[in-house]
Amino acid sequence: MAKHKKSFCAEDLRARILTQDIAPGSDLDEARLAEEYGISRTPLREVLQRLAGGGFVRLEENRGAKVESMDFATMRVFFQTAPLIYCSVARQAAENRTSRQVADLKDIQHEFIGVARAGDAASAGLLNHAFHEKIGDMARNPYLLAGLRRMLIDHTRLGQTFFAPQSEADKTRVTKAIEQHDAMISAIEAQEPNLATDLTLQHWDLSRDQLEKFVRPDPLPLDVLSMKERRNAL
């Protein structure tokens, strides 16, 4: 039972961080979490150490644990690095995939389609995360996989906005993402690395602008700027 609670705690905290139920940069209160999950502080600290090793949280001496932040410097590196890692992973996945892995990827895609069309942003984000992580497994490259897994944490957190469409254009992008996943599966299954790479880059381009909106504030309305100028002129 204790082992089950510890595993549940680890998986639930992971999901809550990825869906931003626990916001980036938040302090994690060990006493409160231990009570919430019904485990003692020792196994909780083991969970937090595991999450720290995966890039979900940061352990600070004498200050406890906090969720990894998404500050400007981190996001700048993210947008520079993401397409490079995704394309490299896709190419090697197409070259090295097994039939079993392709079947698993199709299963993930089937679940993803259901929740994405239902508008369940949290579940869609988590399954999109699983989809791309499975492609990382297919690549059979431990160096790339480590980078991919860390990058996917921030991509999934940012992607909560992508899977919560507010307009018809947003809904069209979600539909397009589903279609691109299907095409990527076909290219990987057919072991066509060049096509898999091209499709992956198109998939990144589809979400990039939406992801950037999350970290780039909209400009102030003109009337607000005008009011500020008039106030300074007094």
# chains A, B, ... in the order shown; residues from 1 in each chain; ligands from 1
$ closest_atom_pairs --of "range 147-207 of chain A" --to "range 5-24 of chain A" --cutoff "10 Å" --atoms "only C-alpha atoms" --output "Markdown table"
| residue | atom | partner | partner_atom | distance |
| --- | --- | --- | --- | --- |
| A:Leu152 | CA | A:Leu18 | CA | 9.1 |
| A:Ile153 | CA | A:Leu18 | CA | 6.2 |
| A:Asp154 | CA | A:Leu18 | CA | 7.7 |
| A:His155 | CA | A:Leu18 | CA | 8.8 |
| A:Thr156 | CA | A:Leu18 | CA | 5.9 |
| A:Arg157 | CA | A:Leu18 | CA | 5.0 |
| A:Leu158 | CA | A:Thr19 | CA | 8.8 |
| A:Gly159 | CA | A:Thr19 | CA | 8.7 |
| A:Gln160 | CA | A:Thr19 | CA | 6.6 |
$ write_last_selection --atoms "C-alpha atoms" --output "PDB file, in the first residue's frame"
ATOM      1  CA  LEU A 152       8.846  18.141 -23.281  1.00  0.00           C
ATOM      2  CA  ILE A 153       8.176  19.315 -19.736  1.00  0.00           C
ATOM      3  CA  ASP A 154       8.143  22.947 -20.833  1.00  0.00           C
ATOM      4  CA  HIS A 155       6.462  22.189 -24.160  1.00  0.00           C
ATOM      5  CA  THR A 156       3.616  20.401 -22.385  1.00  0.00           C
ATOM      6  CA  ARG A 157       3.190  23.206 -19.875  1.00  0.00           C
ATOM      7  CA  LEU A 158       3.075  25.784 -22.661  1.00  0.00           C
ATOM      8  CA  GLY A 159       0.826  23.556 -24.779  1.00  0.00           C
ATOM      9  CA  GLN A 160      -2.103  23.792 -22.357  1.00  0.00           C
TER      10      GLN A 160
END
$ select_by_dssp --residues "range 34-181 of chain A" --states "alpha helix (DSSP H)" --output "PyMOL selection string"
chain A and resi 34-37+41-53+72-96+99-118+121-139+142-158+168-181
$ closest_residue --among "A:Val77, A:Ile135, A:Val174, A:Ile39" --to "Thr161 in chain A" --atoms "only C-alpha atoms"
A:Val174
$ residues_around --residues "Val102 in chain A" --least-positions-apart "6" --cutoff "10 Å" --atoms "only C-alpha atoms" --output "count of residues only"
10
$ atom_distance --atom1 "CA of Ala65 in chain A" --atom2 "CA of Asp27 in chain A"
6.2 Å
$ atom_distance --atom1 "CA of Glu60 in chain A" --atom2 "CA of Leu148 in chain A"
24.1 Å
$ atom_distance --atom1 "CA of Glu35 in chain A" --atom2 "CA of Lys66 in chain A"
17.6 Å
$ select_by_dssp --residues "range 29-215 of chain A" --states "strand (DSSP E)" --output "PyMOL selection string"
chain A and resi 57-60+64-67
$ write_last_selection --atoms "N, CA and C atoms" --output "CSV table (one decimal), in the first residue's frame"
chain,number,residue,atom,x,y,z
A,57,VAL,N,11.3,19.4,-10.9
A,57,VAL,CA,11.4,20.3,-9.8
A,57,VAL,C,12.9,20.5,-9.5
A,58,ARG,N,13.1,21.5,-8.7
A,58,ARG,CA,14.5,21.9,-8.3
A,58,ARG,C,14.6,21.8,-6.8
A,59,LEU,N,15.6,21.1,-6.3
A,59,LEU,CA,15.9,21.0,-4.9
A,59,LEU,C,16.9,22.0,-4.5
A,60,GLU,N,16.6,22.9,-3.5
A,60,GLU,CA,17.5,23.9,-3.1
A,60,GLU,C,17.8,23.7,-1.6
A,64,GLY,N,14.1,23.7,0.4
A,64,GLY,CA,13.1,22.7,0.0
A,64,GLY,C,13.1,22.6,-1.5
A,65,ALA,N,11.9,22.1,-2.0
A,65,ALA,CA,11.7,21.9,-3.4
A,65,ALA,C,10.8,22.9,-4.0
A,66,LYS,N,11.1,23.2,-5.3
A,66,LYS,CA,10.1,24.1,-6.0
A,66,LYS,C,10.1,23.6,-7.5
A,67,VAL,N,8.9,23.9,-8.1
A,67,VAL,CA,8.7,23.5,-9.5
A,67,VAL,C,9.7,24.3,-10.4
$ residues_around --residues "Leu195 in chain A" --least-positions-apart "2" --cutoff "10 Å" --atoms "only C-alpha atoms" --output "PyMOL selection string"
chain A and resi 90-91+94+183-184+186-188+190-193+197-201
$ residues_around --residues "Pro43 in chain A" --least-positions-apart "4" --cutoff "9 Å" --atoms "only C-alpha atoms" --output "ChimeraX atom specification"
/A:2-3,6,34,39,47-48
$ write_last_selection --atoms "C-alpha atoms" --output "short mmCIF file (atom, residue, chain, number, x, y, z; two decimals), in the first residue's frame"
data_model
loop_
_atom_site.label_atom_id
_atom_site.label_comp_id
_atom_site.auth_asym_id
_atom_site.auth_seq_id
_atom_site.Cartn_x
_atom_site.Cartn_y
_atom_site.Cartn_z
CA ALA A 2 2.81 2.43 0.92
CA LYS A 3 4.58 1.68 -2.37
CA LYS A 6 4.41 6.65 -3.36
CA ALA A 34 2.79 14.36 2.73
CA ILE A 39 2.73 9.24 2.95
CA VAL A 47 9.57 11.25 -4.94
CA LEU A 48 10.83 14.83 -5.10
#
